[in-house]
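> Next comes my_file_7.cif, mmCIF, C-alpha atoms and all ligand atoms:
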data_entry
loop_
_atom_site.label_atom_id
_atom_site.label_comp_id
_atom_site.auth_asym_id
_atom_site.auth_seq_id
_atom_site.Cartn_x
_atom_site.Cartn_y
_atom_site.Cartn_z
CA MET I 30 7.22 -23.30 19.24
CA SER I 31 3.71 -22.01 19.80
CA VAL I 32 2.46 -18.93 17.96
CA LYS I 33 2.17 -17.29 21.35
CA ASP I 34 5.91 -17.74 22.03
CA HIS I 35 6.84 -16.44 18.58
CA TYR I 36 4.48 -13.50 19.01
CA PHE I 37 6.02 -12.63 22.37
CA ASP I 38 9.49 -12.67 20.82
CA ILE I 39 8.38 -10.54 17.85
CA GLN I 40 6.73 -8.01 20.16
CA GLN I 41 9.99 -7.69 22.10
CA ARG I 42 11.84 -7.05 18.86
CA ILE I 43 9.25 -4.49 17.73
CA GLY I 44 9.64 -2.79 21.11
CA GLN I 45 13.41 -2.55 20.65
CA ALA I 46 13.07 -1.18 17.12
CA CYS I 47 10.53 1.39 18.32
CA LYS I 48 12.83 2.53 21.11
CA LYS I 49 15.56 3.38 18.64
CA ASN I 50 13.36 5.89 16.86
CA ASP I 51 11.08 6.89 19.70
CA ARG I 52 8.01 5.28 18.17
CA ASN I 53 4.96 3.99 20.01
CA PRO I 54 4.86 0.17 19.64
CA HIS I 55 1.06 0.34 19.60
CA ALA I 56 1.27 2.05 16.22
CA VAL I 57 2.74 -1.13 14.73
CA HIS I 58 0.17 -3.74 13.74
CA VAL I 59 1.28 -7.31 13.21
CA VAL I 60 -0.45 -9.11 10.35
CA ALA I 61 -0.02 -12.86 10.78
CA VAL I 62 0.48 -14.24 7.27
CA THR I 63 -1.14 -17.64 7.39
CA LYS I 64 -0.82 -18.61 3.72
CA TYR I 65 1.45 -21.57 4.48
CA VAL I 66 -0.42 -22.94 7.47
CA SER I 67 -3.64 -24.65 8.45
CA GLU I 68 -6.89 -23.34 9.81
CA GLU I 69 -5.88 -24.68 13.24
CA ARG I 70 -2.64 -22.77 13.25
CA THR I 71 -4.52 -19.65 12.13
CA GLN I 72 -6.93 -20.09 15.03
CA GLU I 73 -3.94 -20.42 17.34
CA ALA I 74 -2.74 -17.02 16.09
CA LEU I 75 -6.13 -15.48 16.86
CA HIS I 76 -6.11 -17.06 20.31
CA ALA I 77 -2.64 -15.63 20.91
CA GLY I 78 -4.24 -12.20 20.63
CA ILE I 79 -3.26 -11.40 17.05
CA ARG I 80 -6.09 -9.53 15.40
CA HIS I 81 -4.86 -9.22 11.81
CA ILE I 82 -4.71 -12.20 9.47
CA GLY I 83 -3.10 -12.01 6.02
CA GLU I 84 -3.66 -14.33 3.07
CA ASN I 85 -2.38 -14.12 -0.49
CA ARG I 86 -4.58 -16.65 -2.27
CA VAL I 87 -8.30 -16.27 -2.82
CA GLU I 88 -9.19 -19.96 -2.43
CA GLY I 89 -7.18 -20.61 0.75
CA GLY I 90 -8.05 -17.23 2.21
CA VAL I 91 -11.78 -17.48 1.73
CA LYS I 92 -11.80 -20.99 3.16
CA LYS I 93 -10.12 -19.76 6.34
CA TRP I 94 -12.42 -16.75 6.46
CA ASP I 95 -15.48 -18.97 6.25
CA ALA I 96 -14.29 -20.82 9.35
CA LEU I 97 -12.77 -17.99 11.37
CA GLY I 98 -13.82 -14.73 9.72
CA ASP I 99 -15.70 -13.26 12.65
CA SER I 100 -12.75 -13.38 15.00
CA GLY I 101 -10.27 -11.17 13.17
CA THR I 102 -9.54 -8.46 10.63
CA TRP I 103 -8.63 -9.89 7.24
CA HIS I 104 -5.97 -8.63 4.88
CA PHE I 105 -5.57 -9.70 1.28
CA ILE I 106 -1.85 -9.27 0.64
CA GLY I 107 -1.19 -11.07 -2.66
CA SER I 108 -1.78 -10.00 -6.23
CA LEU I 109 -5.45 -10.15 -7.02
CA GLN I 110 -7.02 -10.98 -10.35
CA SER I 111 -9.93 -8.69 -11.13
CA LYS I 112 -12.28 -11.60 -11.74
CA LYS I 113 -11.70 -12.78 -8.15
CA VAL I 114 -12.57 -9.50 -6.44
CA LYS I 115 -16.14 -10.68 -5.91
CA HIS I 116 -14.92 -13.52 -3.69
CA ILE I 117 -13.13 -11.31 -1.21
CA VAL I 118 -15.61 -8.45 -0.99
CA GLY I 119 -17.47 -8.43 2.33
CA LYS I 120 -14.84 -10.72 3.87
CA PHE I 121 -11.48 -9.04 3.62
CA ASP I 122 -11.22 -5.59 5.22
CA TYR I 123 -7.92 -4.58 3.63
CA LEU I 124 -6.28 -5.04 0.25
CA HIS I 125 -2.51 -4.50 0.24
CA SER I 126 -1.93 -4.89 -3.49
CA LEU I 127 -3.87 -2.26 -5.40
CA ASP I 128 -1.69 -1.63 -8.44
CA ARG I 129 -3.92 -0.89 -11.44
CA LEU I 130 -7.06 1.01 -12.38
CA SER I 131 -8.76 -2.07 -13.85
CA LEU I 132 -8.66 -3.63 -10.39
CA ALA I 133 -10.00 -0.42 -8.82
CA LYS I 134 -12.84 -0.40 -11.32
CA GLU I 135 -13.80 -3.98 -10.46
CA ILE I 136 -13.71 -3.21 -6.72
CA GLN I 137 -16.00 -0.25 -7.38
CA LYS I 138 -18.40 -2.54 -9.21
CA ARG I 139 -18.48 -5.22 -6.51
CA MET I 140 -18.50 -3.26 -3.26
CA PRO I 141 -21.90 -2.70 -1.65
CA GLU I 142 -23.26 0.83 -2.03
CA GLY I 143 -21.73 3.23 0.47
CA LYS I 144 -19.03 0.80 1.65
CA GLN I 145 -15.29 1.26 1.23
CA LEU I 146 -12.45 -1.20 0.92
CA LYS I 147 -9.33 -0.07 2.74
CA CYS I 148 -6.56 -0.29 0.17
CA PHE I 149 -2.82 0.02 0.16
CA VAL I 150 -1.36 1.06 -3.15
CA GLN I 151 1.51 -1.31 -3.91
CA VAL I 152 4.72 0.36 -5.00
CA ASN I 153 7.71 -1.36 -6.55
CA VAL I 154 10.43 0.67 -4.87
CA SER I 155 13.28 -1.62 -5.92
CA GLY I 156 12.33 -1.68 -9.60
CA GLU I 157 12.85 -5.47 -9.76
CA GLU I 158 11.01 -6.83 -12.77
CA THR I 159 9.63 -9.81 -10.87
CA LYS I 160 7.82 -7.57 -8.38
CA SER I 161 4.42 -6.08 -8.93
CA GLY I 162 3.49 -2.56 -7.95
CA LEU I 163 3.67 0.91 -9.38
CA ASN I 164 6.75 2.76 -10.37
CA PRO I 165 7.26 5.33 -7.56
CA GLU I 166 7.16 8.15 -10.11
CA ASN I 167 3.66 7.20 -11.21
CA THR I 168 2.21 6.65 -7.76
CA ILE I 169 0.76 10.07 -7.05
CA ALA I 170 -0.91 10.35 -10.46
CA PHE I 171 -2.37 6.87 -9.95
CA ILE I 172 -3.75 7.77 -6.53
CA GLU I 173 -5.20 10.96 -7.93
CA GLU I 174 -7.12 8.88 -10.49
CA LEU I 175 -8.55 6.66 -7.75
CA ARG I 176 -10.73 9.59 -6.73
CA GLN I 177 -13.27 8.40 -9.30
CA TYR I 178 -13.82 5.18 -7.30
CA PRO I 179 -15.54 6.10 -4.03
CA ALA I 180 -15.54 2.45 -2.92
CA ILE I 181 -11.78 2.73 -2.46
CA GLU I 182 -10.10 4.36 0.50
CA VAL I 183 -6.34 4.62 0.08
CA VAL I 184 -5.17 4.02 3.63
CA GLY I 185 -1.49 3.76 2.78
CA LEU I 186 1.33 2.41 0.65
CA MET I 187 2.73 -1.11 0.58
CA THR I 188 5.96 -2.55 -0.73
CA MET I 189 7.83 -5.81 -0.89
CA ALA I 190 11.53 -5.23 -0.43
CA PRO I 191 14.09 -7.28 -2.33
CA TYR I 192 15.15 -10.46 -0.56
CA ILE I 193 18.56 -9.26 0.62
CA GLU I 194 20.29 -8.54 3.92
CA ALA I 195 17.91 -6.69 6.25
CA GLU I 196 20.18 -3.68 6.59
CA GLU I 197 20.40 -3.27 2.81
CA VAL I 198 16.64 -2.91 2.44
CA ARG I 199 16.59 0.25 4.54
CA PRO I 200 16.79 2.65 1.56
CA TYR I 201 13.72 1.01 -0.01
CA PHE I 202 11.70 1.44 3.15
CA GLN I 203 12.88 5.04 3.43
CA ARG I 204 11.80 5.66 -0.14
CA LEU I 205 8.31 4.34 0.57
CA ARG I 206 8.03 6.49 3.68
CA LYS I 207 8.99 9.63 1.76
CA LEU I 208 6.51 8.79 -0.97
CA LYS I 209 3.79 8.31 1.63
CA GLN I 210 4.56 11.73 3.06
CA GLU I 211 4.21 13.23 -0.42
CA VAL I 212 0.80 11.63 -0.86
CA GLU I 213 -0.29 12.82 2.58
CA LYS I 214 0.65 16.37 1.62
CA GLN I 215 -1.86 16.28 -1.25
CA ASN I 216 -4.66 16.12 1.35
CA TYR I 217 -6.82 13.90 -0.82
CA SER I 218 -10.02 13.06 1.01
CA HIS I 219 -10.13 9.65 -0.72
CA ALA I 220 -6.51 8.96 0.18
CA PRO I 221 -5.51 9.89 3.73
CA CYS I 222 -2.54 7.53 3.21
CA ARG I 223 -1.38 7.35 6.83
CA GLU I 224 -0.19 3.75 6.87
CA LEU I 225 2.90 1.93 5.66
CA SER I 226 2.66 -1.81 5.00
CA MET I 227 6.25 -3.01 4.87
CA GLY I 228 8.48 -5.55 6.56
CA MET I 229 8.31 -9.34 6.66
CA SER I 230 9.96 -12.08 8.74
CA ASN I 231 13.49 -11.26 7.59
CA ASP I 232 13.39 -7.47 7.72
CA PHE I 233 10.57 -6.24 9.95
CA GLU I 234 12.81 -4.56 12.51
CA VAL I 235 14.33 -2.28 9.88
CA ALA I 236 10.81 -1.63 8.53
CA VAL I 237 9.62 -0.63 12.02
CA GLU I 238 12.60 1.66 12.45
CA GLU I 239 11.62 3.28 9.16
CA GLY I 240 7.98 3.83 10.12
CA ALA I 241 6.03 0.67 9.21
CA THR I 242 2.54 0.60 10.72
CA PHE I 243 1.57 -2.83 9.35
CA ILE I 244 4.19 -5.57 9.21
CA ARG I 245 3.32 -8.81 7.44
CA ILE I 246 4.90 -11.79 9.16
CA GLY I 247 4.52 -15.39 8.09
CA SER I 248 7.34 -17.85 8.72
CA ALA I 249 8.77 -16.20 11.86
CA LEU I 250 5.33 -16.08 13.51
CA VAL I 251 3.12 -18.99 12.47
CA GLY I 252 5.72 -21.04 10.57
CA SER I 253 6.18 -21.78 6.91
CA ARG I 254 4.31 -25.06 6.91
CA ASP I 255 2.53 -27.21 9.48
C1 LIG R 1 4.25 -14.43 2.21
C2 LIG R 1 4.16 -13.00 2.31
C3 LIG R 1 4.59 -12.34 3.47
C4 LIG R 1 5.20 -13.04 4.67
O1 LIG R 1 6.42 -13.61 4.35
P1 LIG R 1 7.40 -14.22 5.50
O2 LIG R 1 8.76 -14.04 4.91
O3 LIG R 1 7.02 -15.64 5.66
O4 LIG R 1 7.21 -13.43 6.72
C5 LIG R 1 4.44 -10.96 3.51
N1 LIG R 1 3.90 -10.27 2.49
C6 LIG R 1 3.48 -10.87 1.36
C7 LIG R 1 2.89 -10.04 0.28
C8 LIG R 1 3.60 -12.25 1.23
O5 LIG R 1 3.17 -12.84 0.11
#
Please re-express this file's structure in structure tokens.
Ligand SMILES: *Cc1c(COP(=O)(O)O)cnc(C)c1O


Amino acid sequence: MSVKDHYFDIQQRIGQACKKNDRNPHAVHVVAVTKYVSEERTQEALHAGIRHIGENRVEGGVKKWDALGDSGTWHFIGSLQSKKVKHIVGKFDYLHSLDRLSLAKEIQKRMPEGKQLKCFVQVNVSGEETKSGLNPENTIAFIEELRQYPAIEVVGLMTMAPYIEAEEVRPYFQRLRKLKQEVEKQNYSHAPCRELSMGMSNDFEVAVEEGATFIRIGSALVGSRD
């Protein structure tokens, strides 16, 4: 199936999920996760009208950006080693995996003067040891500390739900939404925190019902390999 056909189907499903909770479908941005697929398939996604491209590896991501960078908005969604920050600066617009101050410090060092990287703070809402991200209890204190890095704008929170039945992940998404509301209440100028990056191929409808504004979809949209 073409990306266009998959995208059409996903948009229908987003529409249905939005209806349930009276949300505006335009508030839900689809990030096409192209980590498994070729440059050609990524281009197909852009041609299908998808604006947001997500990659989780520096090497593969930068290679695609070099070919197609001008035609989309680029999201770095995987864990990022501090020493590789320099490769994504100026190319990727969003980082979905900010989870430690050492990474924030390196971003501060590498960003051009006066520019900001839009960051999601990654939260480990399920507490699974294999998942990265902050403990929910430490999230607000962490965000407070980010104030010292003006190159970072905390646009929202991100989580990866456990890989279980879609309906069972709902409490994790709800937890992230509540945490986001708590951050918003702090009125930090460096952390407006209006966005929620949650939901993937297997659970995006539940994520949309629970308030996701960026959903990261790979296999159900562009496929898992060419
Ligand atoms: C791979 C990946 C996705 C997309 O996964 P699918 O199940 O293929 O939709 C989303 N988010 C992150 C962080 C990923 O690494």

> Leaving out Ala236 (chain I) and any residue of its chain fewer than 3 positions from it, which residues lie within 12 Å of it when counting all atoms listed in the file, given as a PyMOL selection string?

chain I and resi 42-43+46-47+50+57+187-190+195-206+225-233+239-246

> Counting all atoms listed in the file, which of I:Phe121, I:Ala77, I:Lys49, I:Glu234 gets nearest to Asp95 (chain I)?

I:Phe121

> Do a neighbour search on Val62 (chain I) at 9 Å with all atoms listed in the file, toss out local chain neighbours closer than 3 positions, and write the hits as a list in words.

Tyr65, Val66, Thr71, His81, Ile82, Gly83, Glu84, Asn85, His104, Ile106, Arg245, Ile246, Gly247, Ser248, Leu250 and Val251 of chain I

> Which residue, I:Leu127, I:Ala249, I:Ile193, I:Val150, has the smallest gap to ligand LIG 1 (chain R) when you use all atoms listed in the file?

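Going through I:Leu127, I:Ala249, I:Ile193, I:Val150 one by one, the smallest distance to ligand LIG 1 (chain R) is for I:Ala249.
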
> Edge lengths and centre in Å to one decimal, as JSON, is what I'm after for the box along x, y and z that holds all listed atoms of ligand LIG 1 (chain R) once 6 Å is added on each side.


{"center_x": 5.8, "center_y": -12.8, "center_z": 3.4, "size_x": 17.9, "size_y": 17.6, "size_z": 18.6}

> Using only C-alpha atoms, which protein or nucleic acid residues come within 12 Å of Glu88 (chain I)? Drop anything in the same chain fewer than 3 positions from it, and give the result as a ChimeraX atom specification.

/I:64,84-85,91-95,105,107,109,113-114,116-117

> Tell me which of I:Val87, I:Leu146, I:Val60, I:Ile136 sits closest to ligand LIG 1 (chain R), counting only C-alpha atoms and all ligand atoms.

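Counting only C-alpha atoms and all ligand atoms, the residue closest to ligand LIG 1 (chain R) is I:Val60.
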
> Select, from I:Met140, I:Leu75, I:Ile169, I:Leu124, the residue with the minimum atom-to-atom distance to ligand LIG 1 (chain R), counting all atoms listed in the file.

I:Leu124

> I'd like the neighbourhood of Gly78 (chain I) as a list of chain:residue names, where a residue qualifies if any of its atoms comes within 12 Å (using only C-alpha atoms), though same-chain residues fewer than 6 positions away should be ignored.

I:Val32, I:Lys33, I:Asp34, I:Tyr36, I:Phe37, I:Gln40, I:His58, I:Val59, I:Val60, I:Ala61, I:Thr71, I:Gln72, I:Ser100, I:Gly101, I:Thr102
